[in-house]
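Shown next: data.csv, given as CSV, C-alpha atoms.
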```
chain,number,residue,atom,x,y,z
I,1,ALA,CA,-18.1,3.8,-0.4
I,2,GLN,CA,-15.2,4.5,1.8
I,3,SER,CA,-12.5,7.0,0.9
I,4,VAL,CA,-9.3,8.4,2.4
I,5,THR,CA,-8.0,11.9,1.8
I,6,GLN,CA,-4.5,13.1,2.5
I,7,PRO,CA,-4.8,16.9,1.9
I,8,ASP,CA,-1.1,17.6,1.8
I,9,ILE,CA,0.8,16.1,-1.3
I,10,HIS,CA,4.2,17.5,-0.1
I,11,ILE,CA,5.4,18.6,3.3
I,12,THR,CA,8.9,20.0,4.1
I,13,VAL,CA,10.0,20.2,7.7
I,14,SER,CA,13.4,20.9,9.3
I,15,GLU,CA,15.2,18.2,11.1
I,16,GLY,CA,14.3,18.2,14.8
I,17,ALA,CA,11.0,19.9,14.2
I,18,SER,CA,7.6,18.3,14.9
I,19,LEU,CA,5.5,16.7,12.3
I,20,GLU,CA,1.8,16.2,11.7
I,21,LEU,CA,0.5,14.5,8.5
I,22,ARG,CA,-3.2,14.8,8.0
I,23,CYS,CA,-5.6,12.0,7.1
I,24,ASN,CA,-9.4,12.2,6.7
I,25,TYR,CA,-11.6,9.2,6.0
I,26,SER,CA,-15.1,8.6,5.0
I,27,TYR,CA,-16.6,5.3,6.3
I,28,GLY,CA,-20.0,4.5,7.7
I,29,ALA,CA,-18.9,2.1,10.5
I,30,THR,CA,-16.1,2.1,13.0
I,31,PRO,CA,-13.0,2.2,10.8
I,32,TYR,CA,-9.9,0.2,10.9
I,33,LEU,CA,-7.1,2.7,10.1
I,34,PHE,CA,-3.5,2.3,9.1
I,35,TRP,CA,-0.5,4.4,8.3
I,36,TYR,CA,2.2,3.0,6.0
I,37,VAL,CA,5.6,4.5,5.1
I,38,GLN,CA,7.4,4.0,1.8
I,39,SER,CA,11.1,4.8,1.2
I,40,PRO,CA,12.1,5.4,-2.5
I,41,GLY,CA,12.1,2.2,-4.6
I,42,GLN,CA,10.8,0.1,-1.7
I,43,GLY,CA,7.5,-1.5,-0.6
I,44,LEU,CA,5.2,-0.1,2.1
I,45,GLN,CA,6.0,-0.7,5.7
I,46,LEU,CA,3.3,-0.6,8.4
I,47,LEU,CA,3.9,2.2,10.9
I,48,LEU,CA,0.8,1.7,13.1
I,49,LYS,CA,-2.8,0.7,13.1
I,50,TYR,CA,-6.0,1.5,15.0
I,51,PHE,CA,-8.8,-1.0,15.6
I,52,SER,CA,-10.5,0.1,18.8
I,53,GLY,CA,-9.9,1.3,22.3
I,54,ASP,CA,-7.4,4.0,23.1
I,55,THR,CA,-7.6,6.6,20.4
I,56,LEU,CA,-3.9,7.5,20.6
I,57,VAL,CA,-1.8,4.7,19.1
I,58,GLN,CA,1.9,4.3,19.2
I,59,GLY,CA,3.9,2.9,16.2
I,60,ILE,CA,7.4,2.2,15.1
I,61,LYS,CA,10.1,4.7,14.6
I,62,GLY,CA,8.6,7.1,17.2
I,63,PHE,CA,5.4,7.8,15.3
I,64,GLU,CA,2.0,8.1,16.9
I,65,ALA,CA,-1.5,8.8,15.5
I,66,GLU,CA,-4.7,10.0,17.1
I,67,PHE,CA,-8.2,8.8,16.0
I,68,LYS,CA,-10.8,11.5,16.2
I,69,ARG,CA,-14.2,10.2,15.3
I,70,SER,CA,-15.9,13.6,15.5
I,71,GLN,CA,-13.5,14.9,12.8
I,72,SER,CA,-13.2,11.7,10.8
I,73,SER,CA,-9.4,12.1,11.1
I,74,PHE,CA,-6.4,9.9,11.9
I,75,ASN,CA,-3.4,12.3,11.9
I,76,LEU,CA,0.1,11.0,12.1
I,77,ARG,CA,2.6,12.8,14.4
I,78,LYS,CA,6.2,12.7,15.4
I,79,PRO,CA,7.7,15.1,18.0
I,80,SER,CA,11.1,15.4,16.4
I,81,VAL,CA,11.8,14.5,12.8
I,82,HIS,CA,15.0,12.8,11.7
I,83,TRP,CA,16.5,13.1,8.2
I,84,SER,CA,15.8,9.3,7.7
I,85,ASP,CA,12.1,10.0,8.0
I,86,ALA,CA,12.0,11.5,4.5
I,87,ALA,CA,9.7,9.2,2.6
I,88,GLU,CA,6.1,8.9,1.4
I,89,TYR,CA,3.4,8.2,3.9
I,90,PHE,CA,0.1,6.6,3.1
I,91,CYS,CA,-3.1,6.5,5.2
I,92,ALA,CA,-5.5,3.6,4.7
I,93,VAL,CA,-8.9,2.4,5.9
I,94,ALA,CA,-10.0,-1.2,5.9
I,95,THR,CA,-13.4,-2.3,4.6
I,96,VAL,CA,-14.1,-4.8,7.4
I,97,GLY,CA,-16.6,-7.5,6.5
I,98,ALA,CA,-16.1,-7.0,2.7
I,99,GLY,CA,-12.9,-8.9,2.0
I,100,ASN,CA,-10.5,-7.0,4.1
I,101,MET,CA,-9.8,-4.5,1.4
I,102,LEU,CA,-7.8,-1.5,2.1
I,103,THR,CA,-8.5,1.9,0.6
I,104,PHE,CA,-5.5,4.1,0.4
I,105,GLY,CA,-5.1,7.9,0.4
I,106,GLY,CA,-3.0,9.5,-2.3
I,107,GLY,CA,0.0,9.8,-0.1
I,108,THR,CA,2.1,12.6,1.4
I,109,ARG,CA,5.7,13.1,0.5
I,110,LEU,CA,7.8,14.3,3.4
I,111,MET,CA,11.1,16.1,2.8
I,112,VAL,CA,13.4,16.9,5.7
I,113,LYS,CA,15.7,20.0,5.6
I,114,PRO,CA,19.0,19.7,7.4
U,115,ASP,CA,11.4,-15.3,8.4
U,116,GLY,CA,7.9,-14.9,6.7
U,117,GLY,CA,7.3,-12.3,4.1
U,118,ILE,CA,6.6,-11.5,0.5
U,119,THR,CA,9.1,-11.9,-2.3
U,120,GLN,CA,8.8,-10.0,-5.5
U,121,SER,CA,11.1,-10.8,-8.4
U,122,PRO,CA,12.8,-9.5,-10.4
U,123,LYS,CA,13.5,-6.1,-8.8
U,124,TYR,CA,14.1,-4.5,-12.2
U,125,LEU,CA,12.6,-5.7,-15.5
U,126,PHE,CA,13.0,-4.4,-19.0
U,127,ARG,CA,10.4,-5.2,-21.7
U,128,LYS,CA,10.4,-4.5,-25.3
U,129,GLU,CA,7.3,-3.1,-26.8
U,130,GLY,CA,4.9,-5.9,-27.9
U,131,GLN,CA,6.2,-8.4,-25.4
U,132,ASN,CA,4.4,-10.0,-22.5
U,133,VAL,CA,6.2,-10.2,-19.1
U,134,THR,CA,5.4,-11.9,-15.9
U,135,LEU,CA,6.1,-10.5,-12.4
U,136,SER,CA,6.5,-13.0,-9.6
U,137,CYS,CA,5.0,-12.7,-6.1
U,138,GLU,CA,5.5,-15.4,-3.5
U,139,GLN,CA,4.5,-15.3,0.2
U,140,ASN,CA,5.1,-17.7,3.0
U,141,LEU,CA,2.8,-16.0,5.5
U,142,ASN,CA,-0.1,-18.4,4.9
U,143,HIS,CA,-2.2,-15.4,3.9
U,144,ASP,CA,-5.4,-16.0,2.0
U,145,ALA,CA,-5.6,-12.8,0.1
U,146,MET,CA,-3.1,-11.3,-2.3
U,147,TYR,CA,-3.1,-8.0,-4.3
U,148,TRP,CA,-1.3,-6.3,-7.1
U,149,TYR,CA,-0.9,-2.5,-7.2
U,150,ARG,CA,0.6,-0.2,-9.8
U,151,GLN,CA,2.3,3.0,-8.6
U,152,ASP,CA,3.1,5.9,-10.8
U,153,PRO,CA,4.7,9.2,-9.6
U,154,GLY,CA,2.2,11.4,-8.0
U,155,GLN,CA,-0.7,8.9,-8.4
U,156,GLY,CA,-0.6,6.8,-5.2
U,157,LEU,CA,-1.5,3.1,-5.4
U,158,ARG,CA,-4.0,1.8,-8.0
U,159,LEU,CA,-5.4,-1.7,-7.6
U,160,ILE,CA,-4.9,-4.0,-10.6
U,161,TYR,CA,-6.2,-7.4,-9.4
U,162,TYR,CA,-6.8,-9.2,-6.1
U,163,SER,CA,-7.4,-12.7,-5.0
U,164,GLN,CA,-9.1,-13.7,-1.8
U,165,ILE,CA,-8.8,-17.5,-2.3
U,166,VAL,CA,-7.0,-20.0,-4.5
U,167,ASN,CA,-8.4,-20.3,-8.0
U,168,ASP,CA,-10.4,-17.1,-7.7
U,169,PHE,CA,-9.4,-13.5,-8.5
U,170,GLN,CA,-11.2,-10.2,-9.2
U,171,LYS,CA,-10.4,-7.2,-11.3
U,172,GLY,CA,-9.4,-4.0,-9.6
U,173,ASP,CA,-9.6,-0.5,-10.9
U,174,ILE,CA,-7.1,-0.8,-13.7
U,175,ALA,CA,-7.1,-4.4,-14.9
U,176,GLU,CA,-7.0,-3.8,-18.6
U,177,GLY,CA,-3.9,-5.1,-20.2
U,178,TYR,CA,-3.0,-7.3,-17.2
U,179,SER,CA,-3.7,-10.9,-16.3
U,180,VAL,CA,-3.2,-13.0,-13.1
U,181,SER,CA,-3.5,-16.6,-11.9
U,182,ARG,CA,-3.8,-18.0,-8.4
U,183,GLU,CA,-3.1,-21.7,-8.6
U,184,LYS,CA,-1.4,-21.9,-5.3
U,185,LYS,CA,-2.0,-20.1,-2.0
U,186,GLU,CA,1.6,-18.9,-1.9
U,187,SER,CA,1.8,-17.5,-5.5
U,188,PHE,CA,0.1,-14.7,-7.4
U,189,PRO,CA,2.0,-13.9,-10.6
U,190,LEU,CA,1.0,-10.8,-12.7
U,191,THR,CA,1.4,-10.8,-16.5
U,192,VAL,CA,1.7,-7.5,-18.2
U,193,THR,CA,0.5,-8.1,-21.7
U,194,SER,CA,1.2,-6.2,-24.9
U,195,ALA,CA,-2.3,-4.7,-24.6
U,196,GLN,CA,-1.1,-2.6,-21.7
U,197,LYS,CA,-0.4,0.7,-23.4
U,198,ASN,CA,1.8,2.3,-20.8
U,199,PRO,CA,3.3,-0.5,-18.6
U,200,THR,CA,6.3,1.5,-17.3
U,201,ALA,CA,5.7,1.7,-13.5
U,202,PHE,CA,6.5,0.4,-10.1
U,203,TYR,CA,4.5,-2.7,-9.2
U,204,LEU,CA,3.7,-3.8,-5.7
U,205,CYS,CA,2.4,-7.1,-4.4
U,206,ALA,CA,0.7,-7.4,-1.1
U,207,SER,CA,-1.0,-10.1,1.0
U,208,SER,CA,-3.4,-10.1,4.0
U,209,ALA,CA,-4.5,-12.6,6.6
U,210,ASP,CA,-8.0,-13.2,8.1
U,211,ARG,CA,-10.6,-11.7,5.8
U,212,GLY,CA,-12.8,-9.2,7.5
U,213,ARG,CA,-10.5,-8.6,10.4
U,214,GLY,CA,-8.7,-5.5,9.1
U,215,TYR,CA,-5.2,-6.7,9.9
U,216,GLY,CA,-3.8,-4.7,7.1
U,217,TYR,CA,-1.4,-5.7,4.3
U,218,THR,CA,2.1,-7.0,4.1
U,219,PHE,CA,3.9,-5.6,1.0
U,220,GLY,CA,6.7,-6.9,-1.1
U,221,SER,CA,9.6,-4.7,-2.1
U,222,GLY,CA,8.3,-4.1,-5.6
U,223,THR,CA,9.3,-4.6,-9.2
U,224,ARG,CA,10.2,-1.7,-11.5
U,225,LEU,CA,9.2,-2.4,-15.0
U,226,THR,CA,10.5,-0.3,-17.9
U,227,VAL,CA,9.6,-0.5,-21.5
U,228,VAL,CA,12.6,-0.1,-23.8
```
For this file, produce the structure as structure tokens.
Amino acid sequence: AQSVTQPDIHITVSEGASLELRCNYSYGATPYLFWYVQSPGQGLQLLLKYFSGDTLVQGIKGFEAEFKRSQSSFNLRKPSVHWSDAAEYFCAVATVGAGNMLTFGGGTRLMVKP
Amino acid sequence: DGGITQSPKYLFRKEGQNVTLSCEQNLNHDAMYWYRQDPGQGLRLIYYSQIVNDFQKGDIAEGYSVSREKKESFPLTVTSAQKNPTAFYLCASSADRGRGYGYTFGSGTRLTVV
């Protein structure tokens, strides 16, 4: 069965610093991968997704993610964090061919220091 | 604009009462999902439906019930059998099954037992 691990439960960065959130997945076939962001008390918003092709994908709000098959990873990055990026981030993998189900990681809560 | 509407945003329930959370989508999506979110526990799948008049239990279905009589609607009833219903509930939908397009989420309902 597929699984997604986000090793960091909490991360704190200073405003203007770079950010990398880690995501590791376990899936037998080529994965369909997603990153979502959730602000407090809100639903999840799609940041970006990877299906195939270029392993570096660009998303909204200046985020990008790189798919590395050899490491089973799909880490999220941003060169310069803004205070408004403080939120919870979820990585997910799609079970293609079995009902389009998403399996989510446990989430990483990002705090931004002024 | 297309999207998912969850109502109400806040709901208070007395112990022993059943309550129903509404989820409506106008995206023409086939599949719909209900998740429960507790602090520090990520997203847990309650029920999902991939087609009208059919639904499946997720990981934590006990104490909950659903119906899918229309493509647009997937209401969740939290019954008195649910021992600890206080949580944030998220509804989601997805398009073409097996294509890995990801989910669109509603903005959530916060249920509190008083």
Chain U residues near chain I within 10 Å, closest pair each, using all atoms listed in the file, as CSV:
```
residue,atom,partner,partner_atom,distance
U:Gln120,CA,I:Gly43,CA,9.9
U:Lys123,CA,I:Gly41,CA,9.4
U:Ala145,CA,I:Gly99,CA,8.5
U:Tyr147,CA,I:Met101,CA,9.5
U:Gly154,CA,I:Gly106,CA,7.9
U:Gln155,CA,I:Gly106,CA,6.5
U:Gly156,CA,I:Gly106,CA,4.6
U:Leu157,CA,I:Phe104,CA,7.1
U:Arg158,CA,I:Phe104,CA,8.8
U:Leu159,CA,I:Thr103,CA,9.5
U:Tyr162,CA,I:Met101,CA,9.3
U:Ser163,CA,I:Gly99,CA,9.7
U:Gln164,CA,I:Gly99,CA,7.2
U:Phe202,CA,I:Gly41,CA,8.1
U:Tyr203,CA,I:Gly43,CA,9.2
U:Leu204,CA,I:Gly43,CA,6.8
U:Cys205,CA,I:Gly43,CA,8.5
U:Ala206,CA,I:Gly43,CA,9.0
U:Ser208,CA,I:Asn100,CA,7.7
U:Ala209,CA,I:Asn100,CA,8.6
U:Asp210,CA,I:Asn100,CA,7.8
U:Arg211,CA,I:Asn100,CA,5.0
U:Gly212,CA,I:Gly97,CA,4.3
U:Arg213,CA,I:Val96,CA,6.0
U:Gly214,CA,I:Ala94,CA,5.5
U:Tyr215,CA,I:Asn100,CA,7.9
U:Gly216,CA,I:Leu102,CA,7.2
U:Tyr217,CA,I:Leu102,CA,8.0
U:Thr218,CA,I:Gln45,CA,7.6
U:Phe219,CA,I:Gly43,CA,5.7
U:Gly220,CA,I:Gly43,CA,5.5
U:Ser221,CA,I:Gly43,CA,4.1
U:Gly222,CA,I:Gly43,CA,5.7
U:Thr223,CA,I:Gly41,CA,8.7
U:Arg224,CA,I:Gly41,CA,8.2
```
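With atom CA of U:Leu190 on one side and atom CA of U:Leu135 on the other, the separation reads 5.1 Å.
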Excluding I:Ala86 and any residue of its chain fewer than 5 positions from it, enumerate the residues within 10 Å of it, using all atoms listed in the file, and give them as a short mmCIF file (atom, residue, chain, number, x, y, z; two decimals) with C-alpha atoms, in the coordinates of the input.
```
data_model
loop_
_atom_site.label_atom_id
_atom_site.label_comp_id
_atom_site.auth_asym_id
_atom_site.auth_seq_id
_atom_site.Cartn_x
_atom_site.Cartn_y
_atom_site.Cartn_z
CA ILE I 11 5.40 18.60 3.30
CA THR I 12 8.90 20.00 4.10
CA VAL I 13 10.00 20.20 7.70
CA GLU I 15 15.20 18.20 11.10
CA VAL I 37 5.60 4.50 5.10
CA GLN I 38 7.40 4.00 1.80
CA SER I 39 11.10 4.80 1.20
CA PRO I 40 12.10 5.40 -2.50
CA VAL I 81 11.80 14.50 12.80
CA ARG I 109 5.70 13.10 0.50
CA LEU I 110 7.80 14.30 3.40
CA MET I 111 11.10 16.10 2.80
CA VAL I 112 13.40 16.90 5.70
CA LYS I 113 15.70 20.00 5.60
#
```
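The space separating atom CA of I:His82 from atom CA of I:Gln58 comes to 17.3 Å.
Separating atom CA of U:Arg150 from atom CA of U:Glu176 is a distance of 12.2 Å.
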Closest to U:Asp152 among U:Ser187, U:Ser136, U:Thr226, U:Asn167, using all atoms listed in the file?
-> U:Thr226
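For U:Val228, the non-local neighbours within 12 Å, defined as residues at least 4 positions apart in the same chain or in other chains and counting only C-alpha atoms, are Leu125, Phe126, Arg127, Lys128, Glu129, Gly130, Gln131, Asn198, Pro199 and Thr200 of chain U.
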Name all residues at most 6 Å from I:Lys78 (count all atoms listed in the file; drop same-chain ones fewer than 4 positions away) and give them as a PyMOL selection string.
-> chain I and resi 18-19+63
Surrounding residues of U:Tyr161 excluding itself and chain neighbours under 6 positions, 10 Å, all atoms listed in the file, as an MDAnalysis selection string | chainID U and resid 146:150 169:176 178:181 188 190 205
Can you complete the atoms of stretch 9-33 of chain I to N, CA and C atoms and list them as a PDB file, in the coordinates of the input?
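Result file is rebuild13.pdb:
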```
ATOM      1  N   ILE I   9       0.023  17.004  -0.350  1.00  0.00           N
ATOM      2  CA  ILE I   9       0.800  16.100  -1.300  1.00  0.00           C
ATOM      3  C   ILE I   9       2.261  16.150  -0.881  1.00  0.00           C
ATOM      4  N   HIS I  10       2.775  17.345  -0.541  1.00  0.00           N
ATOM      5  CA  HIS I  10       4.200  17.500  -0.100  1.00  0.00           C
ATOM      6  C   HIS I  10       4.214  18.264   1.175  1.00  0.00           C
ATOM      7  N   ILE I  11       5.130  17.863   2.045  1.00  0.00           N
ATOM      8  CA  ILE I  11       5.400  18.600   3.300  1.00  0.00           C
ATOM      9  C   ILE I  11       6.921  18.643   3.461  1.00  0.00           C
ATOM     10  N   THR I  12       7.430  19.827   3.821  1.00  0.00           N
ATOM     11  CA  THR I  12       8.900  20.000   4.100  1.00  0.00           C
ATOM     12  C   THR I  12       8.990  20.459   5.561  1.00  0.00           C
ATOM     13  N   VAL I  13       9.782  19.778   6.348  1.00  0.00           N
ATOM     14  CA  VAL I  13      10.000  20.200   7.700  1.00  0.00           C
ATOM     15  C   VAL I  13      11.542  20.185   7.963  1.00  0.00           C
ATOM     16  N   SER I  14      11.972  20.940   8.947  1.00  0.00           N
ATOM     17  CA  SER I  14      13.400  20.900   9.300  1.00  0.00           C
ATOM     18  C   SER I  14      13.659  19.798  10.279  1.00  0.00           C
ATOM     19  N   GLU I  15      14.845  19.258  10.190  1.00  0.00           N
ATOM     20  CA  GLU I  15      15.200  18.200  11.100  1.00  0.00           C
ATOM     21  C   GLU I  15      15.122  18.663  12.537  1.00  0.00           C
ATOM     22  N   GLY I  16      14.511  17.831  13.367  1.00  0.00           N
ATOM     23  CA  GLY I  16      14.300  18.200  14.800  1.00  0.00           C
ATOM     24  C   GLY I  16      12.956  18.846  15.034  1.00  0.00           C
ATOM     25  N   ALA I  17      12.287  19.303  14.003  1.00  0.00           N
ATOM     26  CA  ALA I  17      11.000  19.900  14.200  1.00  0.00           C
ATOM     27  C   ALA I  17       9.914  18.836  14.327  1.00  0.00           C
ATOM     28  N   SER I  18       8.748  19.259  14.823  1.00  0.00           N
ATOM     29  CA  SER I  18       7.600  18.300  14.900  1.00  0.00           C
ATOM     30  C   SER I  18       6.926  18.149  13.616  1.00  0.00           C
ATOM     31  N   LEU I  19       6.191  17.045  13.511  1.00  0.00           N
ATOM     32  CA  LEU I  19       5.500  16.700  12.300  1.00  0.00           C
ATOM     33  C   LEU I  19       4.101  16.276  12.509  1.00  0.00           C
ATOM     34  N   GLU I  20       3.188  16.719  11.658  1.00  0.00           N
ATOM     35  CA  GLU I  20       1.800  16.200  11.700  1.00  0.00           C
ATOM     36  C   GLU I  20       1.379  16.009  10.212  1.00  0.00           C
ATOM     37  N   LEU I  21       1.024  14.786   9.862  1.00  0.00           N
ATOM     38  CA  LEU I  21       0.500  14.500   8.500  1.00  0.00           C
ATOM     39  C   LEU I  21      -1.002  14.194   8.692  1.00  0.00           C
ATOM     40  N   ARG I  22      -1.786  14.839   7.856  1.00  0.00           N
ATOM     41  CA  ARG I  22      -3.200  14.800   8.000  1.00  0.00           C
ATOM     42  C   ARG I  22      -3.836  13.623   7.179  1.00  0.00           C
ATOM     43  N   CYS I  23      -4.884  13.043   7.738  1.00  0.00           N
ATOM     44  CA  CYS I  23      -5.600  12.000   7.100  1.00  0.00           C
ATOM     45  C   CYS I  23      -7.093  12.098   7.475  1.00  0.00           C
ATOM     46  N   ASN I  24      -7.960  12.193   6.493  1.00  0.00           N
ATOM     47  CA  ASN I  24      -9.400  12.200   6.700  1.00  0.00           C
ATOM     48  C   ASN I  24     -10.032  11.036   5.997  1.00  0.00           C
ATOM     49  N   TYR I  25     -10.990  10.394   6.628  1.00  0.00           N
ATOM     50  CA  TYR I  25     -11.600   9.200   6.000  1.00  0.00           C
ATOM     51  C   TYR I  25     -13.104   9.401   5.951  1.00  0.00           C
ATOM     52  N   SER I  26     -13.700   8.634   5.085  1.00  0.00           N
ATOM     53  CA  SER I  26     -15.100   8.600   5.000  1.00  0.00           C
ATOM     54  C   SER I  26     -15.543   7.110   5.027  1.00  0.00           C
ATOM     55  N   TYR I  27     -16.252   6.737   6.103  1.00  0.00           N
ATOM     56  CA  TYR I  27     -16.600   5.300   6.300  1.00  0.00           C
ATOM     57  C   TYR I  27     -17.781   5.269   7.246  1.00  0.00           C
ATOM     58  N   GLY I  28     -18.779   4.464   6.953  1.00  0.00           N
ATOM     59  CA  GLY I  28     -20.000   4.500   7.700  1.00  0.00           C
ATOM     60  C   GLY I  28     -19.877   3.847   9.118  1.00  0.00           C
ATOM     61  N   ALA I  29     -19.043   2.831   9.256  1.00  0.00           N
ATOM     62  CA  ALA I  29     -18.900   2.100  10.500  1.00  0.00           C
ATOM     63  C   ALA I  29     -17.646   2.537  11.241  1.00  0.00           C
ATOM     64  N   THR I  30     -17.359   1.882  12.337  1.00  0.00           N
ATOM     65  CA  THR I  30     -16.100   2.100  13.000  1.00  0.00           C
ATOM     66  C   THR I  30     -14.953   1.691  12.118  1.00  0.00           C
ATOM     67  N   PRO I  31     -14.056   2.585  11.819  1.00  0.00           N
ATOM     68  CA  PRO I  31     -13.000   2.200  10.800  1.00  0.00           C
ATOM     69  C   PRO I  31     -11.848   1.488  11.450  1.00  0.00           C
ATOM     70  N   TYR I  32     -11.188   0.719  10.635  1.00  0.00           N
ATOM     71  CA  TYR I  32      -9.900   0.200  10.900  1.00  0.00           C
ATOM     72  C   TYR I  32      -8.902   0.996  10.124  1.00  0.00           C
ATOM     73  N   LEU I  33      -7.986   1.684  10.782  1.00  0.00           N
ATOM     74  CA  LEU I  33      -7.100   2.700  10.100  1.00  0.00           C
ATOM     75  C   LEU I  33      -5.665   2.317  10.237  1.00  0.00           C
TER      76      LEU I  33
END
```
